[in-house]
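Student: What follows is input.cif, mmCIF, C-alpha atoms.
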```cif
data_work
#
loop_
_atom_site.label_atom_id
_atom_site.label_comp_id
_atom_site.auth_asym_id
_atom_site.auth_seq_id
_atom_site.Cartn_x
_atom_site.Cartn_y
_atom_site.Cartn_z
CA MET A 26 24.72 -8.53 15.16
CA GLU A 27 28.41 -8.68 15.99
CA ALA A 28 31.00 -7.87 13.35
CA GLY A 29 32.20 -10.97 11.59
CA ASP A 30 29.54 -13.19 13.05
CA GLU A 31 28.73 -15.23 9.98
CA ALA A 32 25.96 -17.26 11.56
CA ALA A 33 24.11 -14.16 12.73
CA GLY A 34 24.71 -12.59 9.33
CA ALA A 35 23.20 -15.59 7.58
CA VAL A 36 20.13 -15.47 9.81
CA PHE A 37 19.74 -11.73 9.21
CA LEU A 38 20.07 -12.25 5.46
CA ASP A 39 17.53 -15.07 5.39
CA ARG A 40 15.06 -13.09 7.46
CA HIS A 41 15.13 -9.92 5.36
CA ARG A 42 16.28 -10.86 1.85
CA GLY A 43 12.74 -11.37 0.53
CA ALA A 44 11.43 -7.98 1.65
CA VAL A 45 14.56 -6.18 0.40
CA TRP A 46 14.37 -7.96 -2.95
CA ARG A 47 10.67 -7.16 -3.42
CA LEU A 48 11.26 -3.47 -2.68
CA LEU A 49 14.22 -3.34 -5.05
CA ARG A 50 12.38 -5.15 -7.85
CA ALA A 51 9.53 -2.66 -7.40
CA ALA A 52 11.72 0.44 -7.24
CA CYS A 53 14.27 -0.44 -9.93
CA ARG A 54 13.84 -0.53 -13.68
CA SER A 55 15.39 -3.95 -14.22
CA GLU A 56 16.37 -7.13 -12.41
CA GLN A 57 20.03 -6.27 -13.03
CA GLU A 58 19.67 -2.92 -11.26
CA ALA A 59 17.83 -4.58 -8.39
CA GLU A 60 20.53 -7.23 -8.04
CA GLU A 61 23.28 -4.61 -7.97
CA ALA A 62 21.42 -2.63 -5.31
CA LEU A 63 20.76 -5.83 -3.33
CA GLN A 64 24.45 -6.67 -3.15
CA GLU A 65 25.47 -3.12 -2.26
CA SER A 66 22.76 -2.91 0.42
CA PHE A 67 23.82 -6.03 2.30
CA LEU A 68 27.50 -5.15 1.90
CA ALA A 69 26.82 -1.73 3.43
CA VAL A 70 24.88 -3.27 6.31
CA PHE A 71 27.47 -5.97 7.08
CA ARG A 72 30.34 -3.49 6.83
CA ALA A 73 28.77 -1.33 9.51
CA PRO A 74 27.33 -3.72 12.09
CA GLY A 75 25.66 -1.80 14.86
CA ALA A 76 24.57 0.99 12.51
CA PHE A 77 21.00 0.12 13.36
CA ALA A 78 20.27 1.47 16.80
CA GLY A 79 16.61 2.29 16.50
CA PRO A 80 14.00 1.30 19.05
CA GLY A 81 11.73 -0.51 16.57
CA SER A 82 12.05 -3.21 13.96
CA ALA A 83 15.21 -3.36 11.84
CA ARG A 84 13.16 -3.89 8.70
CA PRO A 85 12.17 -0.26 7.90
CA TRP A 86 15.76 0.81 8.57
CA LEU A 87 17.13 -1.92 6.30
CA LEU A 88 14.60 -1.11 3.56
CA GLY A 89 15.65 2.55 3.83
CA VAL A 90 19.30 1.50 3.27
CA ALA A 91 18.20 -0.55 0.24
CA ARG A 92 16.08 2.28 -1.16
CA ARG A 93 19.00 4.75 -0.92
CA GLN A 94 21.23 2.17 -2.61
CA ALA A 95 18.67 1.77 -5.38
CA ALA A 96 18.67 5.55 -5.88
CA ARG A 97 22.48 5.55 -6.18
CA THR A 98 22.40 2.67 -8.68
CA TRP A 99 19.67 4.41 -10.70
CA ARG A 100 21.64 7.68 -10.80
CA ARG A 101 24.89 5.95 -11.74
CA ARG A 102 23.25 4.07 -14.60
CA SER A 103 21.15 6.86 -16.08
CA GLY A 104 22.60 10.13 -14.76
CA GLU A 105 19.11 11.11 -13.63
CA PRO A 106 17.54 11.29 -10.18
CA MET A 107 15.48 8.26 -9.27
CA HIS A 108 11.85 8.41 -10.41
CA ALA A 109 12.42 11.67 -12.27
CA GLU A 110 9.27 10.94 -14.28
CA ALA A 111 7.23 11.02 -11.08
CA LEU A 112 8.75 14.32 -10.00
CA ASP A 113 8.30 16.32 -13.18
CA GLY A 114 4.67 17.26 -12.66
CA ARG A 115 2.94 14.29 -14.28
CA GLU A 116 2.10 13.16 -10.74
CA GLU A 117 -0.33 16.07 -10.53
CA ALA A 118 -3.18 14.57 -12.57
CA PRO A 119 -6.46 15.46 -10.81
CA LEU A 120 -7.59 12.77 -8.37
CA VAL A 121 -11.01 12.57 -10.05
CA GLU A 122 -9.36 11.81 -13.38
CA LEU A 123 -7.41 8.93 -11.81
CA GLY A 124 -10.57 7.77 -10.07
CA VAL A 125 -12.59 7.66 -13.28
CA ALA A 126 -9.85 5.63 -14.99
CA ALA A 127 -9.99 3.28 -12.00
CA GLY A 128 -13.75 2.82 -12.34
CA TRP A 129 -14.96 5.33 -9.76
CA GLY A 130 -18.49 6.59 -10.47
CA GLU A 131 -19.02 3.90 -13.06
CA VAL A 132 -22.58 2.80 -13.72
CA ARG A 133 -23.28 -0.86 -13.05
CA ASP A 134 -21.68 -3.06 -15.61
CA PRO A 135 -24.41 -5.10 -17.34
CA GLU A 136 -22.00 -7.99 -17.70
CA ALA A 137 -20.32 -8.60 -14.39
CA ARG A 138 -16.57 -8.52 -14.84
CA VAL A 139 -14.45 -11.35 -13.58
CA SER A 140 -12.22 -9.69 -11.03
CA ALA A 141 -8.55 -9.77 -12.04
CA MET A 142 -7.33 -8.87 -8.58
CA GLU A 143 -8.02 -12.33 -7.17
CA ASP A 144 -5.78 -13.91 -9.79
CA HIS A 145 -2.22 -13.53 -8.49
CA ALA A 146 -0.65 -13.69 -11.94
CA ARG A 147 -2.90 -10.93 -13.31
CA LEU A 148 -2.43 -8.83 -10.18
CA HIS A 149 1.35 -9.07 -10.52
CA ARG A 150 1.11 -8.28 -14.24
CA ALA A 151 -0.88 -5.13 -13.43
CA LEU A 152 1.67 -4.19 -10.75
CA ASP A 153 4.53 -4.71 -13.19
CA ALA A 154 2.85 -2.31 -15.63
CA LEU A 155 3.00 0.55 -13.08
CA SER A 156 5.87 3.02 -12.81
CA PRO A 157 8.63 2.12 -10.33
CA ALA A 158 7.49 5.04 -8.13
CA ASP A 159 3.97 3.61 -7.91
CA ARG A 160 5.17 0.06 -7.43
CA GLU A 161 7.49 0.86 -4.54
CA VAL A 162 4.88 2.65 -2.44
CA ILE A 163 2.32 -0.13 -2.95
CA THR A 164 4.97 -2.76 -2.20
CA LEU A 165 5.92 -1.15 1.09
CA ARG A 166 2.42 -0.46 2.39
CA ASP A 167 0.19 -3.10 0.86
CA LEU A 168 2.49 -6.06 0.18
CA GLU A 169 5.03 -5.76 2.99
CA GLY A 170 2.56 -4.26 5.43
CA LEU A 171 4.71 -1.40 6.71
CA SER A 172 2.83 1.31 8.59
CA GLY A 173 2.43 4.74 7.01
CA PRO A 174 5.20 6.30 9.15
CA GLU A 175 7.54 3.35 8.42
CA ALA A 176 6.97 3.57 4.65
CA ALA A 177 7.44 7.36 4.79
CA GLN A 178 10.76 6.76 6.59
CA VAL A 179 11.92 4.30 3.90
CA LEU A 180 11.01 6.67 1.07
CA ASP A 181 12.21 9.76 2.97
CA LEU A 182 8.86 11.48 2.43
CA PRO A 183 6.56 13.44 4.74
CA LEU A 184 3.66 11.22 5.84
CA ALA A 185 1.10 13.38 3.99
CA SER A 186 3.04 13.00 0.72
CA LEU A 187 3.30 9.25 1.27
CA LYS A 188 -0.47 9.01 1.69
CA THR A 189 -1.16 11.04 -1.45
CA ARG A 190 1.30 9.01 -3.50
CA LEU A 191 -0.14 5.74 -2.21
CA HIS A 192 -3.75 6.66 -3.02
CA ARG A 193 -2.82 7.70 -6.54
CA ALA A 194 -0.75 4.56 -7.07
CA ARG A 195 -3.63 2.35 -5.93
CA LEU A 196 -6.01 4.13 -8.33
CA ARG A 197 -3.58 3.58 -11.20
CA LEU A 198 -3.33 -0.09 -10.21
CA LEU A 199 -7.14 -0.38 -10.24
CA ALA A 200 -7.12 1.19 -13.72
CA ARG A 201 -4.58 -1.42 -14.89
CA LEU A 202 -6.74 -4.17 -13.43
CA ARG A 203 -9.73 -2.85 -15.36
CA GLU A 204 -7.68 -3.16 -18.51
CA GLU A 205 -6.85 -6.74 -17.52
CA GLU A 206 -10.54 -7.43 -16.92
CA SER A 207 -11.63 -6.04 -20.28
CA ARG A 208 -9.30 -8.37 -22.18
CA MET B 641 -18.92 3.11 -19.49
CA THR B 642 -20.14 6.57 -18.51
CA PRO B 643 -19.17 7.86 -15.07
CA LEU B 644 -22.07 8.99 -12.94
CA LYS B 645 -22.43 12.65 -12.09
CA PRO B 646 -21.07 13.15 -8.54
CA SER B 647 -23.86 13.32 -6.00
CA PHE B 648 -24.29 14.65 -2.46
CA HIS B 649 -25.35 12.29 0.34
CA GLY B 650 -24.70 12.22 4.06
CA GLY B 651 -23.21 15.71 3.88
CA LEU B 652 -20.47 14.58 1.47
CA TRP B 653 -19.92 14.75 -2.27
CA CYS B 654 -18.71 11.65 -4.10
CA THR B 655 -15.40 13.44 -4.72
CA GLU B 656 -14.91 13.87 -0.97
CA VAL B 657 -15.58 10.17 -0.42
CA LEU B 658 -12.98 9.36 -3.09
CA GLU B 659 -10.43 11.48 -1.20
CA LEU B 660 -11.33 9.86 2.11
CA LEU B 661 -11.07 6.23 0.93
CA PRO B 662 -7.45 5.62 2.07
CA ASP B 663 -8.11 6.94 5.57
CA LEU B 664 -11.39 5.04 5.69
CA VAL B 665 -9.86 1.66 4.84
CA ALA B 666 -6.99 2.36 7.26
CA GLY B 667 -9.48 3.15 10.03
CA GLU B 668 -8.07 6.65 10.32
CA VAL B 669 -11.27 8.70 10.22
CA GLY B 670 -13.10 10.01 13.26
CA ALA B 671 -16.51 8.71 14.32
CA GLU B 672 -18.40 11.69 12.89
CA GLU B 673 -16.67 11.49 9.52
CA ARG B 674 -17.13 7.73 9.37
CA ALA B 675 -20.86 8.13 10.02
CA ALA B 676 -21.08 10.68 7.20
CA VAL B 677 -19.23 8.40 4.78
CA GLU B 678 -21.38 5.43 5.74
CA ALA B 679 -24.54 7.50 5.16
CA HIS B 680 -23.17 8.48 1.75
CA LEU B 681 -22.36 4.87 0.85
CA ARG B 682 -25.85 3.71 1.81
CA ALA B 683 -27.33 6.21 -0.63
CA CYS B 684 -24.75 6.08 -3.43
CA ASP B 685 -24.39 2.74 -5.19
CA ALA B 686 -21.46 3.88 -7.34
CA CYS B 687 -19.36 4.97 -4.35
CA ALA B 688 -20.31 1.85 -2.38
CA ARG B 689 -19.20 -0.43 -5.19
CA PHE B 690 -15.98 1.50 -5.80
CA GLY B 691 -15.22 1.55 -2.07
CA GLY B 692 -15.68 -2.21 -2.00
CA ARG B 693 -13.35 -2.62 -4.95
CA TYR B 694 -10.73 -0.35 -3.35
CA ALA B 695 -10.85 -2.36 -0.11
CA GLY B 696 -10.82 -5.61 -2.11
CA LEU B 697 -7.61 -4.53 -3.81
CA LEU B 698 -5.88 -4.14 -0.46
CA THR B 699 -7.05 -7.59 0.62
CA ALA B 700 -5.83 -9.09 -2.66
CA LEU B 701 -2.43 -7.40 -2.27
CA ALA B 702 -2.10 -8.60 1.33
CA GLU B 703 -2.78 -12.16 0.14
CA ALA B 704 -0.68 -11.99 -3.04
CA ALA B 705 2.24 -14.36 -3.46
CA ARG B 706 5.54 -12.95 -2.22
CA GLN B 707 8.33 -13.15 -4.75
CA GLU B 708 11.64 -14.39 -3.36
CA PRO B 709 15.00 -13.58 -4.94
CA PRO B 710 15.87 -16.13 -7.64
CA ALA B 711 18.44 -18.78 -6.70
CA GLY B 712 21.08 -17.28 -8.99
CA VAL B 713 20.66 -13.82 -7.44
CA LEU B 714 21.09 -15.30 -3.95
CA GLU B 715 24.11 -17.31 -4.95
CA ARG B 716 25.83 -14.25 -6.46
CA LEU B 717 24.93 -12.22 -3.36
CA ARG B 718 26.57 -14.79 -1.08
CA LEU B 719 29.68 -14.94 -3.30
CA ARG B 720 29.96 -11.15 -3.32
CA LEU B 721 29.60 -10.92 0.46
CA ARG B 722 32.22 -13.63 0.93
CA ALA B 723 34.60 -11.89 -1.48
CA ASP B 724 34.16 -8.31 -0.26
CA LEU B 725 33.77 -8.66 3.50
CA PRO B 726 36.82 -9.16 5.75
CA PRO B 727 37.32 -12.75 6.92
CA THR B 728 35.88 -13.58 10.34
CA ARG B 729 38.03 -14.03 13.41
#
```
Kindly transcribe the structure held in the file into structure tokens.
Tutor:
Amino acid sequence: MEAGDEAAGAVFLDRHRGAVWRLLRAACRSEQEAEEALQESFLAVFRAPGAFAGPGSARPWLLGVARRQAARTWRRRSGEPMHAEALDGREEAPLVELGVAAGWGEVRDPEARVSAMEDHARLHRALDALSPADREVITLRDLEGLSGPEAAQVLDLPLASLKTRLHRARLRLLARLREEESR
Amino acid sequence: MTPLKPSFHGGLWCTEVLELLPDLVAGEVGAEERAAVEAHLRACDACARFGGRYAGLLTALAEAARQEPPAGVLERLRLRLRADLPPTR
């Protein structure tokens, strides 16, 4: 995209705005924070045309810009690092414990549950109930369909850490869906 | 709902199958490991059902509606870009 090329800028914006917005809504604590990060992200990108010089798709690069902007917005508003709650050790719940909450090892339910995951509204409600740290990793991998290495690049994590975080986030989402199903 | 006691089938404990689920659904396990997991799933109803639910979640997420930015958010974004970026040509 050439500097000042409004038409190309509009096409770029239309192509990527949905994915950037979904990541920011997942990663941020409020719509206001997400909107602030959205504006700053596209401003940063349009102010430095040509900053993307990678061999692959622009999307992981752009989502990485947006994620860093979200972290700056988060820090400015709260004075804390982004997702501090996920970094303070609570993330270390044993996998089996998360699995049991998600329904792993459960004996057959005598009354078949109606699955909540096929209902988009209930699925989104369960997603919204997760922490921002869980939501963002699921959004990148399972909603936006980024590969593991691409999602790790966006979140600036080693691939192994990305995989661990993703598995745990999915188990917590399954646990939320069970709560939805028992209502 | 009482969780079942983990069992050992196909050379794997249920806990190992739980750990392997993400790689399994992503197709990132080797042939030998896949065969062991499949043998476990044939013998362990609880793991088979949970594995199906885990895979079903990923399908549901892939098919879930994609939320677009609200019209007001887009309008304010365009106004901000117009105001803060240098004029073209």
Student: Here is a test: counting all atoms listed in the file, which residue of A:Asp153, A:Glu143, A:Glu105, A:Glu61 is nearest to chain B?
Tutor: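 The closest residue to chain B is A:Glu143.
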Student: Pick from A:Lys188, A:His149, A:Arg201, A:Arg208: nearest to Glu659 in chain B, with all atoms listed in the file counted?
Tutor: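 Looking only at the distances to Glu659 in chain B, the closest residue turns out to be A:Lys188.
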Student: Once you count only C-alpha atoms, which residues of chain A turn out to be within 7 Å of chain B? Could you give them as a PyMOL selection string?
Tutor: chain A and resi 29-30+43+46-47+60+64+68+121+125+129-132+142-143+145+167-168+192
Student: Find the residue from A:Leu196, A:Glu175, A:Leu182, A:Glu117 that sits nearest to Gly81 in chain A; use only C-alpha atoms when measuring.
Tutor: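 For Gly81 in chain A, the nearest of the candidates is A:Glu175.
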Student: State, in Å with one decimal place, the distance from CA of Leu155 in chain A to CA of Arg40 in chain A.
Tutor: 27.4 Å
Student: Please report the interatomic distance between CA of Ala723 in chain B and CA of Gly104 in chain A in Å with one decimal.
Tutor: 28.4 Å
Student: Separation of CA of Arg682 in chain B and CA of Trp653 in chain B, in Å?
Tutor: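 That distance, rounded to one decimal, is 13.2 Å.
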Student: List as a PDB file with C-alpha atoms, in the frame of the given file the protein and nucleic acid residues near Leu152 in chain A, meaning an atom at most 10 Å away when only C-alpha atoms are counted, but skip any in the same chain fewer than 6 places from it.
Tutor:
```pdb
ATOM      1  CA  ALA A  51       9.530  -2.660  -7.400  1.00  0.00           C
ATOM      2  CA  ALA A 146      -0.650 -13.690 -11.940  1.00  0.00           C
ATOM      3  CA  ASP A 159       3.970   3.610  -7.910  1.00  0.00           C
ATOM      4  CA  ARG A 160       5.170   0.060  -7.430  1.00  0.00           C
ATOM      5  CA  GLU A 161       7.490   0.860  -4.540  1.00  0.00           C
ATOM      6  CA  ILE A 163       2.320  -0.130  -2.950  1.00  0.00           C
ATOM      7  CA  THR A 164       4.970  -2.760  -2.200  1.00  0.00           C
ATOM      8  CA  ALA A 194      -0.750   4.560  -7.070  1.00  0.00           C
ATOM      9  CA  ARG A 195      -3.630   2.350  -5.930  1.00  0.00           C
ATOM     10  CA  ARG A 197      -3.580   3.580 -11.200  1.00  0.00           C
ATOM     11  CA  LEU A 198      -3.330  -0.090 -10.210  1.00  0.00           C
ATOM     12  CA  LEU A 199      -7.140  -0.380 -10.240  1.00  0.00           C
ATOM     13  CA  ARG A 201      -4.580  -1.420 -14.890  1.00  0.00           C
ATOM     14  CA  LEU A 202      -6.740  -4.170 -13.430  1.00  0.00           C
TER      15      LEU A 202
ATOM     16  CA  LEU B 701      -2.430  -7.400  -2.270  1.00  0.00           C
TER      17      LEU B 701
END
```
Student: For this structure, which residues satisfy the selection - the PyMOL selection byres ((chain A and resi 96) around 10) - when it is evaluated on the file as given? I want them as a list in words.
Tutor: Leu49, Ala52, Cys53, Ala62, Ala91, Arg92, Arg93, Gln94, Ala95, Arg97, Thr98, Trp99, Arg100, Arg101, Arg102, Glu105, Pro106, Met107 and His108 of chain A
Student: For Ser156 in chain A, which residue out of A:Ser55, A:Gly89, A:Asp39, A:Glu65 is the nearest one, using all atoms listed in the file?
Tutor: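 Checking each candidate against Ser156 in chain A, we get A:Ser55 as the closest.
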Student: Return as JSON the centre and edge lengths, in Å with one decimal, of the box along x, y and z that encloses every atom of range 116-123 of chain A in the file, padded by 3 Å per side.
Tutor:
```
{"center_x": -4.5, "center_y": 12.5, "center_z": -10.9, "size_x": 19.1, "size_y": 13.1, "size_z": 11.0}
```
Student: From the set A:Ala83, A:Val162, A:Ala118, A:Ala200, which residue has the shortest atom-to-atom contact distance to Leu184 in chain A, counting all atoms listed in the file?
Tutor: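 Looking at the shortest contact to Leu184 in chain A, the residue is A:Val162.
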Student: Extract range 48-78 of chain A from the coordinates I pasted, and write it as an mmCIF file, in the first residue's frame (atoms kept: N, CA and C atoms).
Tutor:
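And here's out00.cif as it stands now:
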```cif
data_model
loop_
_atom_site.group_PDB
_atom_site.id
_atom_site.type_symbol
_atom_site.label_atom_id
_atom_site.label_comp_id
_atom_site.auth_asym_id
_atom_site.auth_seq_id
_atom_site.Cartn_x
_atom_site.Cartn_y
_atom_site.Cartn_z
ATOM 1 N N LEU A 48 -10.449 -9.623 17.536
ATOM 2 C CA LEU A 48 -9.331 -9.853 18.463
ATOM 3 C C LEU A 48 -9.373 -8.833 19.601
ATOM 4 N N LEU A 49 -9.612 -7.571 19.245
ATOM 5 C CA LEU A 49 -9.583 -6.531 20.280
ATOM 6 C C LEU A 49 -10.743 -6.679 21.255
ATOM 7 N N ARG A 50 -11.922 -7.061 20.771
ATOM 8 C CA ARG A 50 -13.045 -7.278 21.686
ATOM 9 C C ARG A 50 -12.754 -8.464 22.610
ATOM 10 N N ALA A 51 -12.024 -9.449 22.096
ATOM 11 C CA ALA A 51 -11.673 -10.611 22.926
ATOM 12 C C ALA A 51 -10.619 -10.237 23.957
ATOM 13 N N ALA A 52 -9.623 -9.460 23.540
ATOM 14 C CA ALA A 52 -8.464 -9.205 24.393
ATOM 15 C C ALA A 52 -8.683 -8.083 25.389
ATOM 16 N N CYS A 53 -9.615 -7.167 25.073
ATOM 17 C CA CYS A 53 -9.810 -5.991 25.926
ATOM 18 C C CYS A 53 -10.947 -6.215 26.924
ATOM 19 N N ARG A 54 -10.969 -5.371 27.945
ATOM 20 C CA ARG A 54 -11.973 -5.537 28.990
ATOM 21 C C ARG A 54 -13.292 -4.867 28.655
ATOM 22 N N SER A 55 -13.283 -3.944 27.710
ATOM 23 C CA SER A 55 -14.523 -3.227 27.385
ATOM 24 C C SER A 55 -14.521 -2.835 25.915
ATOM 25 N N GLU A 56 -15.712 -2.484 25.422
ATOM 26 C CA GLU A 56 -15.813 -2.041 24.033
ATOM 27 C C GLU A 56 -15.062 -0.718 23.844
ATOM 28 N N GLN A 57 -15.062 0.122 24.876
ATOM 29 C CA GLN A 57 -14.369 1.407 24.773
ATOM 30 C C GLN A 57 -12.868 1.191 24.587
ATOM 31 N N GLU A 58 -12.303 0.270 25.378
ATOM 32 C CA GLU A 58 -10.870 -0.033 25.234
ATOM 33 C C GLU A 58 -10.569 -0.587 23.853
ATOM 34 N N ALA A 59 -11.455 -1.471 23.383
ATOM 35 C CA ALA A 59 -11.247 -2.085 22.070
ATOM 36 C C ALA A 59 -11.308 -1.024 20.980
ATOM 37 N N GLU A 60 -12.230 -0.088 21.113
ATOM 38 C CA GLU A 60 -12.359 0.963 20.093
ATOM 39 C C GLU A 60 -11.127 1.859 20.083
ATOM 40 N N GLU A 61 -10.633 2.187 21.257
ATOM 41 C CA GLU A 61 -9.419 3.017 21.326
ATOM 42 C C GLU A 61 -8.246 2.295 20.660
ATOM 43 N N ALA A 62 -8.099 1.016 20.975
ATOM 44 C CA ALA A 62 -6.999 0.233 20.389
ATOM 45 C C ALA A 62 -7.183 0.065 18.881
ATOM 46 N N LEU A 63 -8.440 -0.052 18.436
ATOM 47 C CA LEU A 63 -8.715 -0.178 16.995
ATOM 48 C C LEU A 63 -8.237 1.066 16.250
ATOM 49 N N GLN A 64 -8.590 2.232 16.775
ATOM 50 C CA GLN A 64 -8.186 3.479 16.118
ATOM 51 C C GLN A 64 -6.665 3.623 16.107
ATOM 52 N N GLU A 65 -6.043 3.355 17.248
ATOM 53 C CA GLU A 65 -4.583 3.509 17.325
ATOM 54 C C GLU A 65 -3.880 2.502 16.411
ATOM 55 N N SER A 66 -4.448 1.311 16.276
ATOM 56 C CA SER A 66 -3.823 0.280 15.431
ATOM 57 C C SER A 66 -3.802 0.713 13.973
ATOM 58 N N PHE A 67 -4.968 1.134 13.462
ATOM 59 C CA PHE A 67 -5.009 1.517 12.046
ATOM 60 C C PHE A 67 -4.248 2.816 11.793
ATOM 61 N N LEU A 68 -4.247 3.717 12.773
ATOM 62 C CA LEU A 68 -3.421 4.924 12.616
ATOM 63 C C LEU A 68 -1.948 4.535 12.486
ATOM 64 N N ALA A 69 -1.501 3.641 13.372
ATOM 65 C CA ALA A 69 -0.089 3.218 13.344
ATOM 66 C C ALA A 69 0.261 2.574 12.006
ATOM 67 N N VAL A 70 -0.653 1.758 11.501
ATOM 68 C CA VAL A 70 -0.389 1.050 10.243
ATOM 69 C C VAL A 70 -0.354 2.029 9.066
ATOM 70 N N PHE A 71 -1.303 2.964 9.040
ATOM 71 C CA PHE A 71 -1.369 3.906 7.903
ATOM 72 C C PHE A 71 -0.265 4.970 7.979
ATOM 73 N N ARG A 72 0.248 5.200 9.184
ATOM 74 C CA ARG A 72 1.341 6.176 9.305
ATOM 75 C C ARG A 72 2.660 5.583 8.842
ATOM 76 N N ALA A 73 2.741 4.271 8.829
ATOM 77 C CA ALA A 73 3.999 3.620 8.434
ATOM 78 C C ALA A 73 3.743 2.619 7.317
ATOM 79 N N PRO A 74 3.260 3.108 6.159
ATOM 80 C CA PRO A 74 3.009 2.169 5.060
ATOM 81 C C PRO A 74 4.318 1.515 4.650
ATOM 82 N N GLY A 75 4.257 0.260 4.357
ATOM 83 C CA GLY A 75 5.494 -0.436 3.992
ATOM 84 C C GLY A 75 6.149 -1.108 5.180
ATOM 85 N N ALA A 76 5.569 -0.901 6.394
ATOM 86 C CA ALA A 76 6.165 -1.532 7.579
ATOM 87 C C ALA A 76 6.033 -3.056 7.492
ATOM 88 N N PHE A 77 4.982 -3.496 6.806
ATOM 89 C CA PHE A 77 4.840 -4.940 6.637
ATOM 90 C C PHE A 77 5.660 -5.393 5.445
ATOM 91 N N ALA A 78 6.646 -6.218 5.718
ATOM 92 C CA ALA A 78 7.510 -6.686 4.623
ATOM 93 C C ALA A 78 7.693 -8.187 4.709
#
```
